[in-house]
Each structure stands twice: as structure tokens, then as C-alpha cells.
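Structure file start.txt (compact mmCIF, C-alpha atoms) follows.
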```txt
# COMPACT_ATOMS: atom_id res chain seq x y z
CA MET M 1 -183.57 32.26 -60.90
CA GLU M 2 -183.85 36.05 -60.61
CA LYS M 3 -187.25 35.98 -62.37
CA ILE M 4 -188.50 33.26 -60.00
CA ILE M 5 -187.39 35.16 -56.91
CA LYS M 6 -189.03 38.34 -58.27
CA PHE M 7 -192.29 36.44 -58.89
CA ILE M 8 -192.28 35.08 -55.33
CA GLU M 9 -191.40 38.50 -53.91
CA GLU M 10 -194.24 40.24 -55.76
CA ASN M 11 -196.95 37.56 -55.67
CA VAL M 12 -196.33 34.91 -52.98
CA ASN M 13 -194.32 36.17 -50.00
CA GLY M 14 -196.55 37.67 -47.32
CA LYS M 15 -199.78 36.25 -48.77
CA THR M 16 -202.42 34.20 -46.92
CA LEU M 17 -204.65 31.75 -48.78
CA PHE M 18 -207.58 29.50 -47.88
CA THR M 19 -208.55 26.00 -49.03
CA LYS M 20 -212.26 25.19 -49.02
CA GLU M 21 -213.32 21.87 -47.46
CA LEU M 22 -212.48 18.87 -49.63
CA VAL M 23 -213.60 15.25 -49.21
CA TYR M 24 -211.52 12.27 -50.39
CA LYS M 25 -211.74 8.47 -50.14
CA LEU M 26 -209.14 5.99 -48.86
CA GLU M 27 -208.94 2.19 -48.89
CA ASN M 28 -211.56 1.85 -51.64
CA GLY M 29 -214.08 3.90 -49.69
CA ALA M 30 -213.58 2.25 -46.28
CA LEU M 31 -212.22 5.58 -45.01
CA GLU M 32 -213.18 9.15 -45.81
CA GLY M 33 -211.02 12.21 -45.31
CA VAL M 34 -212.16 15.80 -44.87
CA TYR M 35 -209.62 18.60 -45.30
CA SER M 36 -209.48 22.42 -45.21
CA ASP M 37 -206.74 24.87 -44.32
CA GLN M 38 -205.27 28.35 -44.18
CA ILE M 39 -201.81 28.82 -45.73
CA SER M 40 -199.39 31.72 -45.29
CA PHE M 41 -196.11 32.21 -47.16
CA SER M 42 -193.37 34.26 -45.53
CA ASN M 43 -189.71 34.70 -44.65
CA LEU M 44 -188.36 34.80 -48.20
CA LYS M 45 -184.58 34.92 -48.07
CA TYR M 46 -182.21 34.68 -51.01
CA SER M 47 -178.57 34.82 -52.02
CA GLN M 48 -176.68 34.71 -55.32
CA SER M 49 -177.11 30.94 -55.53
CA GLY M 50 -180.44 30.12 -53.88
CA PHE M 51 -183.45 31.04 -51.76
CA GLN M 52 -185.79 29.77 -49.07
CA LEU M 53 -189.49 30.32 -48.36
CA ASP M 54 -191.59 29.32 -45.36
CA MET M 55 -195.07 27.84 -45.64
CA PHE M 56 -197.25 28.12 -42.51
CA ILE M 57 -200.35 25.89 -42.54
CA VAL M 58 -203.30 25.83 -40.13
CA SER M 59 -205.03 22.63 -41.21
CA ASN M 60 -208.22 20.85 -40.27
CA GLU M 61 -208.06 17.22 -41.41
CA LYS M 62 -210.09 14.30 -40.09
CA ILE M 63 -210.28 10.74 -41.39
CA TRP M 64 -213.44 8.78 -40.71
CA LEU M 65 -214.14 5.04 -40.75
CA MET M 66 -217.17 4.50 -42.97
CA GLY M 67 -220.04 2.13 -42.16
CA THR M 68 -221.67 -0.29 -44.58
CA ASP M 69 -224.47 2.25 -45.03
CA GLY M 70 -222.00 4.79 -46.39
CA GLN M 71 -222.22 7.00 -43.31
CA ARG M 72 -219.33 8.12 -41.12
CA GLU M 73 -219.12 5.64 -38.27
CA LYS M 74 -216.03 6.50 -36.22
CA LEU M 75 -213.27 9.12 -36.21
CA ARG M 76 -210.18 7.15 -37.28
CA LYS M 77 -207.60 9.96 -37.04
CA ASP M 78 -207.47 13.69 -36.46
CA PHE M 79 -204.51 15.21 -38.31
CA SER M 80 -205.48 18.83 -37.58
CA ALA M 81 -202.39 20.87 -36.76
CA VAL M 82 -200.44 24.09 -37.09
CA SER M 83 -197.35 23.36 -39.17
CA LEU M 84 -194.33 25.20 -40.52
CA PHE M 85 -192.69 23.90 -43.70
CA ARG M 86 -189.70 25.28 -45.59
CA PHE M 87 -188.66 25.28 -49.23
CA GLU M 88 -184.86 25.50 -49.66
CA LEU M 89 -183.67 25.78 -53.26
CA ALA M 90 -180.45 26.49 -55.11
CA LYS M 91 -179.29 26.78 -58.72
CA ARG M 92 -176.92 24.01 -59.81
CA LYS M 93 -173.91 25.07 -61.88
CA SER M 94 -173.74 21.66 -63.56
CA THR M 95 -177.21 21.86 -65.12
CA GLU M 96 -178.47 25.44 -64.55
CA ALA M 97 -181.50 23.76 -62.93
CA ILE M 98 -183.00 24.76 -59.58
CA THR M 99 -183.33 21.90 -57.10
CA GLY M 100 -183.62 21.55 -53.34
CA SER M 101 -185.77 20.31 -50.50
CA PHE M 102 -189.12 20.72 -48.78
CA ARG M 103 -189.40 19.72 -45.13
CA LEU M 104 -191.34 20.16 -41.92
CA ILE M 105 -189.72 22.54 -39.43
CA SER M 106 -192.22 22.20 -36.57
CA ALA M 107 -195.85 21.31 -35.89
CA SER M 108 -198.46 21.10 -33.19
CA GLY M 109 -200.82 18.14 -32.84
CA LYS M 110 -200.35 14.60 -31.62
CA SER M 111 -200.30 12.97 -35.06
CA VAL M 112 -197.98 14.71 -37.52
CA THR M 113 -197.73 12.71 -40.74
CA ALA M 114 -194.92 14.86 -42.18
CA GLU M 115 -192.64 14.57 -39.14
CA ALA M 116 -189.08 13.55 -40.13
CA VAL M 117 -190.10 13.38 -43.81
CA ILE M 118 -188.15 15.31 -46.44
CA SER M 119 -188.90 15.80 -50.12
CA GLY M 120 -186.72 16.58 -53.10
CA ILE M 121 -187.78 19.53 -55.25
CA TYR M 122 -187.03 19.65 -58.98
CA GLY M 123 -188.47 20.81 -62.30
CA VAL M 124 -188.76 24.39 -61.08
CA SER M 125 -189.97 26.71 -63.85
CA LEU M 126 -191.74 30.02 -64.43
CA GLU M 127 -193.73 30.06 -67.67
CA ASN M 128 -196.63 32.35 -68.61
CA ASN M 129 -196.61 33.73 -65.03
CA VAL M 130 -197.15 30.26 -63.53
CA LEU M 131 -194.50 29.05 -61.10
CA LYS M 132 -194.33 25.25 -61.08
CA LEU M 133 -192.24 22.84 -59.06
CA PHE M 134 -192.30 19.09 -58.51
CA GLU M 135 -191.96 17.28 -55.17
CA ASP M 136 -190.82 13.70 -54.56
CA GLN M 137 -191.03 12.43 -50.98
CA ALA M 138 -188.02 10.43 -49.81
CA LEU M 139 -188.64 7.07 -48.12
CA TYR M 140 -192.23 6.98 -46.79
CA ARG M 141 -194.80 8.25 -44.28
CA ASP M 142 -197.75 6.67 -42.49
CA GLN M 143 -201.31 6.59 -43.76
CA PRO M 144 -204.19 5.17 -41.69
CA ILE M 145 -206.08 2.10 -42.88
CA GLN M 146 -208.76 -0.11 -41.31
CA GLY M 147 -208.31 -1.98 -38.03
CA GLU M 148 -206.33 0.76 -36.26
CA GLN M 149 -203.41 -0.03 -38.59
CA PHE M 150 -201.23 2.07 -40.91
CA LYS M 151 -199.53 1.54 -44.25
CA ALA M 152 -196.39 3.10 -45.75
CA VAL M 153 -196.97 5.59 -48.56
CA ALA M 154 -195.03 8.25 -50.45
CA PHE M 155 -196.28 11.14 -52.57
CA GLN M 156 -195.15 12.69 -55.83
CA SER M 157 -196.70 16.11 -56.29
CA LYS M 158 -196.87 19.19 -58.46
CA HIS M 159 -197.08 22.64 -56.87
CA SER M 160 -198.34 25.58 -58.96
CA PHE M 161 -198.51 29.28 -58.09
CA TYR M 162 -200.40 31.72 -60.30
CA CYS M 163 -202.50 34.87 -60.09
CA LYS M 164 -206.10 34.93 -61.30
CA ASN M 165 -208.42 37.93 -61.01
CA GLY M 166 -205.74 39.67 -58.96
CA LYS M 167 -205.59 36.88 -56.35
CA LEU M 168 -202.82 34.37 -55.72
CA HIS M 169 -203.79 30.73 -56.30
CA TYR M 170 -201.75 27.81 -54.99
CA GLU M 171 -202.53 24.38 -56.42
CA TYR M 172 -201.26 21.10 -54.99
CA ASP M 173 -201.76 17.96 -57.08
CA GLY M 174 -200.44 14.82 -55.40
CA LYS M 175 -200.25 11.15 -56.40
CA CYS M 176 -200.01 8.47 -53.71
CA PHE M 177 -197.81 5.38 -53.92
CA ASP M 178 -197.73 2.31 -51.66
CA VAL M 179 -194.17 1.57 -50.51
CA ASP M 180 -192.51 -1.80 -49.92
CA THR M 181 -190.43 -0.86 -46.87
CA LYS M 182 -187.89 -3.67 -47.49
CA THR M 183 -187.06 -2.85 -51.10
CA MET M 184 -188.31 0.78 -51.12
CA GLN M 185 -190.12 0.00 -54.37
CA ARG M 186 -193.24 2.06 -55.07
CA VAL M 187 -196.52 0.92 -56.58
CA LYS M 188 -199.27 3.33 -57.51
CA SER M 189 -201.88 3.30 -54.76
CA SER M 190 -205.61 2.82 -55.23
CA ASP M 191 -206.03 5.91 -53.02
CA THR M 192 -206.61 9.06 -55.05
CA PHE M 193 -206.74 12.66 -53.88
CA PRO M 194 -208.36 15.70 -55.49
CA SER M 195 -206.32 18.74 -56.41
CA PHE M 196 -206.09 21.12 -53.45
CA VAL M 197 -206.54 24.75 -54.53
CA SER M 198 -205.91 27.55 -52.06
CA ILE M 199 -207.00 31.08 -52.96
CA GLU M 200 -206.09 34.47 -51.54
CA LYS M 201 -209.12 36.35 -50.22
```
Would you give me this structure, written as C-alpha cells?
Amino acid sequence: MEKIIKFIEENVNGKTLFTKELVYKLENGALEGVYSDQISFSNLKYSQSGFQLDMFIVSNEKIWLMGTDGQREKLRKDFSAVSLFRFELAKRKSTEAITGSFRLISASGKSVTAEAVISGIYGVSLENNVLKLFEDQALYRDQPIQGEQFKAVAFQSKHSFYCKNGKLHYEYDGKCFDVDTKTMQRVKSSDTFPSFVSIEK
């Protein structure tokens, strides 16, 4: 854990990164999302058994309803917001593994998809100067679909931190699952998202 904290202290804490605009499809192309952001990492605190790190995101995300001609027809949802998330991790004596949580602390905006959603963090490792961790959302969150409706989804994601050409890179690779809210069973969704890569300027 000491090596991981040192890596965060030297390469992540206090850094600001930017994600270039990305376009993704939802509901088999019926909706189109456009996303970009600015991410800052700060407030690293640690003890003998664990640590926490804040992730401050200024995001610009809009989801458009697409017409039959393939053009954007109507703004379905504007998820743009200023959000504060927190990683809280600790080393477990039973396994020597580092596990914990990732959750929203606060956010602006009228539609906050991550509100009251918490994720488990596991598989934390530092190999070849790449810090990796895996995220599994508990329960589910809302995702817009056609007809002013929403569906329940959950994400499983991999977060990677590494330096390239002297700049910090943060990569988020998430897989979406449709959730049966009665049984909490998950089925892989037809919705796919590109990898989001944020780079320090």
C-alpha cells in the first residue's frame, strides 16, 4: 500500500486533466451522447491502514434524440455538472488486498445520475508504474431511453493511472449492464461506451 500511496502522492494528487469530446450511441443509435470534462485530483489523506482521494469533475454531457435521418433532433437530457467524488480505500488484514468505495459527495445540476449511488473498489494494483483499480456499482442508476423514459443500469469499470511523456493519463473503461430491479440480476447491455482518456496538459 505504501508504494500505491507514494505513486498517488507523486503523480496524481494535485493534478488537473482534460478529456477531449467523445461521442457514444445509446439504444441502438436512437440516442447519441456527447461528453467532455476537466478532472482534478486532490485532498489525499492516508493512515497506517488506508487512504482517501477526491476527484473533482467539471463535465459537459448531453444526450440527443436522433432523427431517422441520423441527425440530432432533440436534446433528451443535459447531464452537465460540477461533481465531487471520493475514493476511500483500506488494506484488509484477511487478504492483504486493498478494497473500498467510490461515491458522489456533492454535485451541481438538476440531473445527477450518480446521486445516492456507491461503488465497490477492488483489484487495486501497481504494476510497471500503472495504477489499476476495478469499480462495481451497487444496485443501479438511471439511463435515459426513448419516449421520455429511463431504464435501470449498472456499470463495471476499470480505472488506470499512468504517466506518458511526463504527463499523467487517467483512463476509464466502463461496461454497461441492464438491471432487473426485482431480482437485481444484470444482463450485458447493448449500449457500449468508448474508453475515456483524460490527459494532463
Pick the closest to Thr95 of chain M from M:Phe161, M:Tyr122, M:Ile63, M:Lys182: which is it, counting all atoms listed in the file?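 Under the stated criterion, the closest residue is M:Tyr122.
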What is the atom CA of Leu22 of chain M to atom CA of Ile121 of chain M distance in Å?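 Value for the atom CA of Leu22 of chain M-atom CA of Ile121 of chain M distance: 25.3 Å.
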For the atom pair atom CA of Ile8 of chain M and atom CA of Glu61 of chain M, what is the interatomic distance in Å to one decimal place? 27.6 Å
Nearest to Ser101 of chain M by atom-to-atom distance, counting all atoms listed in the file, from M:Ala81, M:Leu75, M:Ile5, M:Ala138: M:Ala138
Tell me, as a list of chain:residue names, which residues lie within 7 Å of Ser189 of chain M, counting all atoms listed in the file; anything in the same chain fewer than 5 positions away does not count. M:Cys176, M:Phe177, M:Asp178
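Nearest residue to Arg76 of chain M, choosing from M:Thr99, M:Asn13, M:Gln149, M:Ser40 and counting only C-alpha atoms: M:Gln149.
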Between atom CA of Gly123 of chain M and atom CA of Ala107 of chain M, what is the distance, to one decimal in Å?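 According to the coordinates, atom CA of Gly123 of chain M and atom CA of Ala107 of chain M are separated by 27.4 Å.
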Given all atoms listed in the file as the counted atoms, nearest of M:Ser42, M:Thr183, M:Ser106, M:Ser36 to Lys15 of chain M: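 Answer, going by the shortest atom-to-atom distance: M:Ser42.
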Give the answer as one residue: which of M:Phe193, M:Tyr24, M:Tyr162, M:Tyr170 has the shortest atom-to-atom distance to Phe7 of chain M, using all atoms listed in the file?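 Using all atoms listed in the file, Phe7 of chain M sits closest to M:Tyr162.
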Shortest interatomic distance to Asp37 of chain M - which of M:Lys167, M:Val130, M:Val112, M:Phe196, counting all atoms listed in the file: M:Phe196
Contacts of Cys163 of chain M at 10 Å or less, counting only C-alpha atoms, minus same-chain residues fewer than 6 places along, as a list in words?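 Answer for this query is Asn11, Val12, Asn129, Val130, Leu131, His169, Tyr170, Ile199 and Glu200 of chain M.
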Write out as a ChimeraX atom specification the residues lying within 10 Å of segment 132-134 of chain M, counting only C-alpha atoms and excluding same-chain residues fewer than 5 positions away. /M:4,98-99,119-127,156-162,170-174
Extract, using all atoms listed in the file, all DNA, RNA and protein residues at most 10 Å from segment 139-142 of chain M, discarding same-chain residues fewer than 3 positions from it, and format them as a list in words. Val112, Thr113, Ala114, Glu115, Ala116, Val117, Ile118, Ser119, Asp136, Ile145, Gln149, Phe150, Lys151, Ala152, Val153, Ala154, Phe155, Phe177, Asp178, Val179, Asp180, Thr181, Met184, Gln185 and Arg186 of chain M
Could you give me the axis-aligned bounding box of segment 121-139 of chain M, with 4 Å of padding per side, as centre plus edge lengths in Å to one decimal, as AutoDock Vina command-line options?
```
--center_x -192.1 --center_y 20.4 --center_z -58.4 --size_x 18.1 --size_y 34.7 --size_z 28.5
```
Contacts of Ala90 of chain M at 9 Å (only C-alpha atoms; same-chain gap of 2+ positions) as an MDAnalysis selection string: chainID M and resid 1 49:52 88 92 97:100
Counting only C-alpha atoms, which residues come within 9 Å of (-212.7, 25.1, -47.4), with the point read in the file's coordinates, and could you list them as a ChimeraX atom specification? /M:18-22,35-38,198
Selected residues written out, C-alpha atoms, as an mmCIF file, keeping the file's coordinate frame:
```
data_model
loop_
_atom_site.group_PDB
_atom_site.id
_atom_site.type_symbol
_atom_site.label_atom_id
_atom_site.label_comp_id
_atom_site.auth_asym_id
_atom_site.auth_seq_id
_atom_site.Cartn_x
_atom_site.Cartn_y
_atom_site.Cartn_z
ATOM 1 C CA PHE M 18 -207.580 29.500 -47.880
ATOM 2 C CA THR M 19 -208.550 26.000 -49.030
ATOM 3 C CA LYS M 20 -212.260 25.190 -49.020
ATOM 4 C CA GLU M 21 -213.320 21.870 -47.460
ATOM 5 C CA LEU M 22 -212.480 18.870 -49.630
ATOM 6 C CA TYR M 35 -209.620 18.600 -45.300
ATOM 7 C CA SER M 36 -209.480 22.420 -45.210
ATOM 8 C CA ASP M 37 -206.740 24.870 -44.320
ATOM 9 C CA GLN M 38 -205.270 28.350 -44.180
ATOM 10 C CA SER M 198 -205.910 27.550 -52.060
#
```
Output segment 161-182 of chain M from the block with N, CA and C atoms, as an mmCIF file, in the first residue's frame?
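Result file decode-v2.cif:
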```
data_model
loop_
_atom_site.group_PDB
_atom_site.id
_atom_site.type_symbol
_atom_site.label_atom_id
_atom_site.label_comp_id
_atom_site.auth_asym_id
_atom_site.auth_seq_id
_atom_site.Cartn_x
_atom_site.Cartn_y
_atom_site.Cartn_z
ATOM 1 N N PHE M 161 -4.264 4.669 -14.018
ATOM 2 C CA PHE M 161 -3.468 5.898 -13.903
ATOM 3 C C PHE M 161 -2.042 5.575 -14.343
ATOM 4 N N TYR M 162 -1.500 6.362 -15.256
ATOM 5 C CA TYR M 162 -0.127 6.142 -15.691
ATOM 6 C C TYR M 162 0.436 7.435 -16.275
ATOM 7 N N CYS M 163 1.746 7.530 -16.293
ATOM 8 C CA CYS M 163 2.406 8.711 -16.857
ATOM 9 C C CYS M 163 2.984 8.364 -18.221
ATOM 10 N N LYS M 164 2.783 9.260 -19.171
ATOM 11 C CA LYS M 164 3.296 9.086 -20.529
ATOM 12 C C LYS M 164 3.796 10.440 -21.017
ATOM 13 N N ASN M 165 5.042 10.463 -21.479
ATOM 14 C CA ASN M 165 5.672 11.710 -21.916
ATOM 15 C C ASN M 165 5.630 12.787 -20.829
ATOM 16 N N GLY M 166 5.772 12.338 -19.575
ATOM 17 C CA GLY M 166 5.808 13.261 -18.457
ATOM 18 C C GLY M 166 4.465 13.802 -18.018
ATOM 19 N N LYS M 167 3.369 13.284 -18.596
ATOM 20 C CA LYS M 167 2.027 13.754 -18.272
ATOM 21 C C LYS M 167 1.183 12.608 -17.697
ATOM 22 N N LEU M 168 0.389 12.932 -16.678
ATOM 23 C CA LEU M 168 -0.499 11.938 -16.104
ATOM 24 C C LEU M 168 -1.649 11.642 -17.060
ATOM 25 N N HIS M 169 -1.937 10.360 -17.252
ATOM 26 C CA HIS M 169 -3.095 9.912 -18.020
ATOM 27 C C HIS M 169 -4.027 9.150 -17.083
ATOM 28 N N TYR M 170 -5.308 9.394 -17.213
ATOM 29 C CA TYR M 170 -6.321 8.661 -16.443
ATOM 30 C C TYR M 170 -7.293 8.051 -17.443
ATOM 31 N N GLU M 171 -7.422 6.732 -17.410
ATOM 32 C CA GLU M 171 -8.270 6.025 -18.365
ATOM 33 C C GLU M 171 -9.416 5.326 -17.638
ATOM 34 N N TYR M 172 -10.625 5.578 -18.120
ATOM 35 C CA TYR M 172 -11.824 4.950 -17.561
ATOM 36 C C TYR M 172 -12.455 4.089 -18.646
ATOM 37 N N ASP M 173 -12.575 2.793 -18.363
ATOM 38 C CA ASP M 173 -13.155 1.855 -19.321
ATOM 39 C C ASP M 173 -14.332 1.161 -18.644
ATOM 40 N N GLY M 174 -15.563 1.530 -19.045
ATOM 41 C CA GLY M 174 -16.748 1.028 -18.374
ATOM 42 C C GLY M 174 -17.631 0.160 -19.255
ATOM 43 N N LYS M 175 -18.213 -0.879 -18.649
ATOM 44 C CA LYS M 175 -19.178 -1.741 -19.330
ATOM 45 C C LYS M 175 -20.543 -1.567 -18.669
ATOM 46 N N CYS M 176 -21.573 -1.430 -19.502
ATOM 47 C CA CYS M 176 -22.925 -1.163 -19.016
ATOM 48 C C CYS M 176 -23.747 -2.451 -18.962
ATOM 49 N N PHE M 177 -24.537 -2.584 -17.902
ATOM 50 C CA PHE M 177 -25.416 -3.737 -17.733
ATOM 51 C C PHE M 177 -26.838 -3.263 -17.448
ATOM 52 N N ASP M 178 -27.818 -3.875 -18.103
ATOM 53 C CA ASP M 178 -29.218 -3.635 -17.777
ATOM 54 C C ASP M 178 -29.548 -4.416 -16.507
ATOM 55 N N VAL M 179 -30.340 -3.801 -15.623
ATOM 56 C CA VAL M 179 -30.624 -4.402 -14.318
ATOM 57 C C VAL M 179 -32.111 -4.701 -14.175
ATOM 58 N N ASP M 180 -32.426 -5.941 -13.783
ATOM 59 C CA ASP M 180 -33.786 -6.312 -13.399
ATOM 60 C C ASP M 180 -33.964 -5.850 -11.957
ATOM 61 N N THR M 181 -34.772 -4.818 -11.738
ATOM 62 C CA THR M 181 -34.858 -4.197 -10.413
ATOM 63 C C THR M 181 -35.595 -5.061 -9.382
ATOM 64 N N LYS M 182 -36.232 -6.144 -9.824
ATOM 65 C CA LYS M 182 -36.897 -7.052 -8.868
ATOM 66 C C LYS M 182 -35.930 -8.117 -8.360
#
```
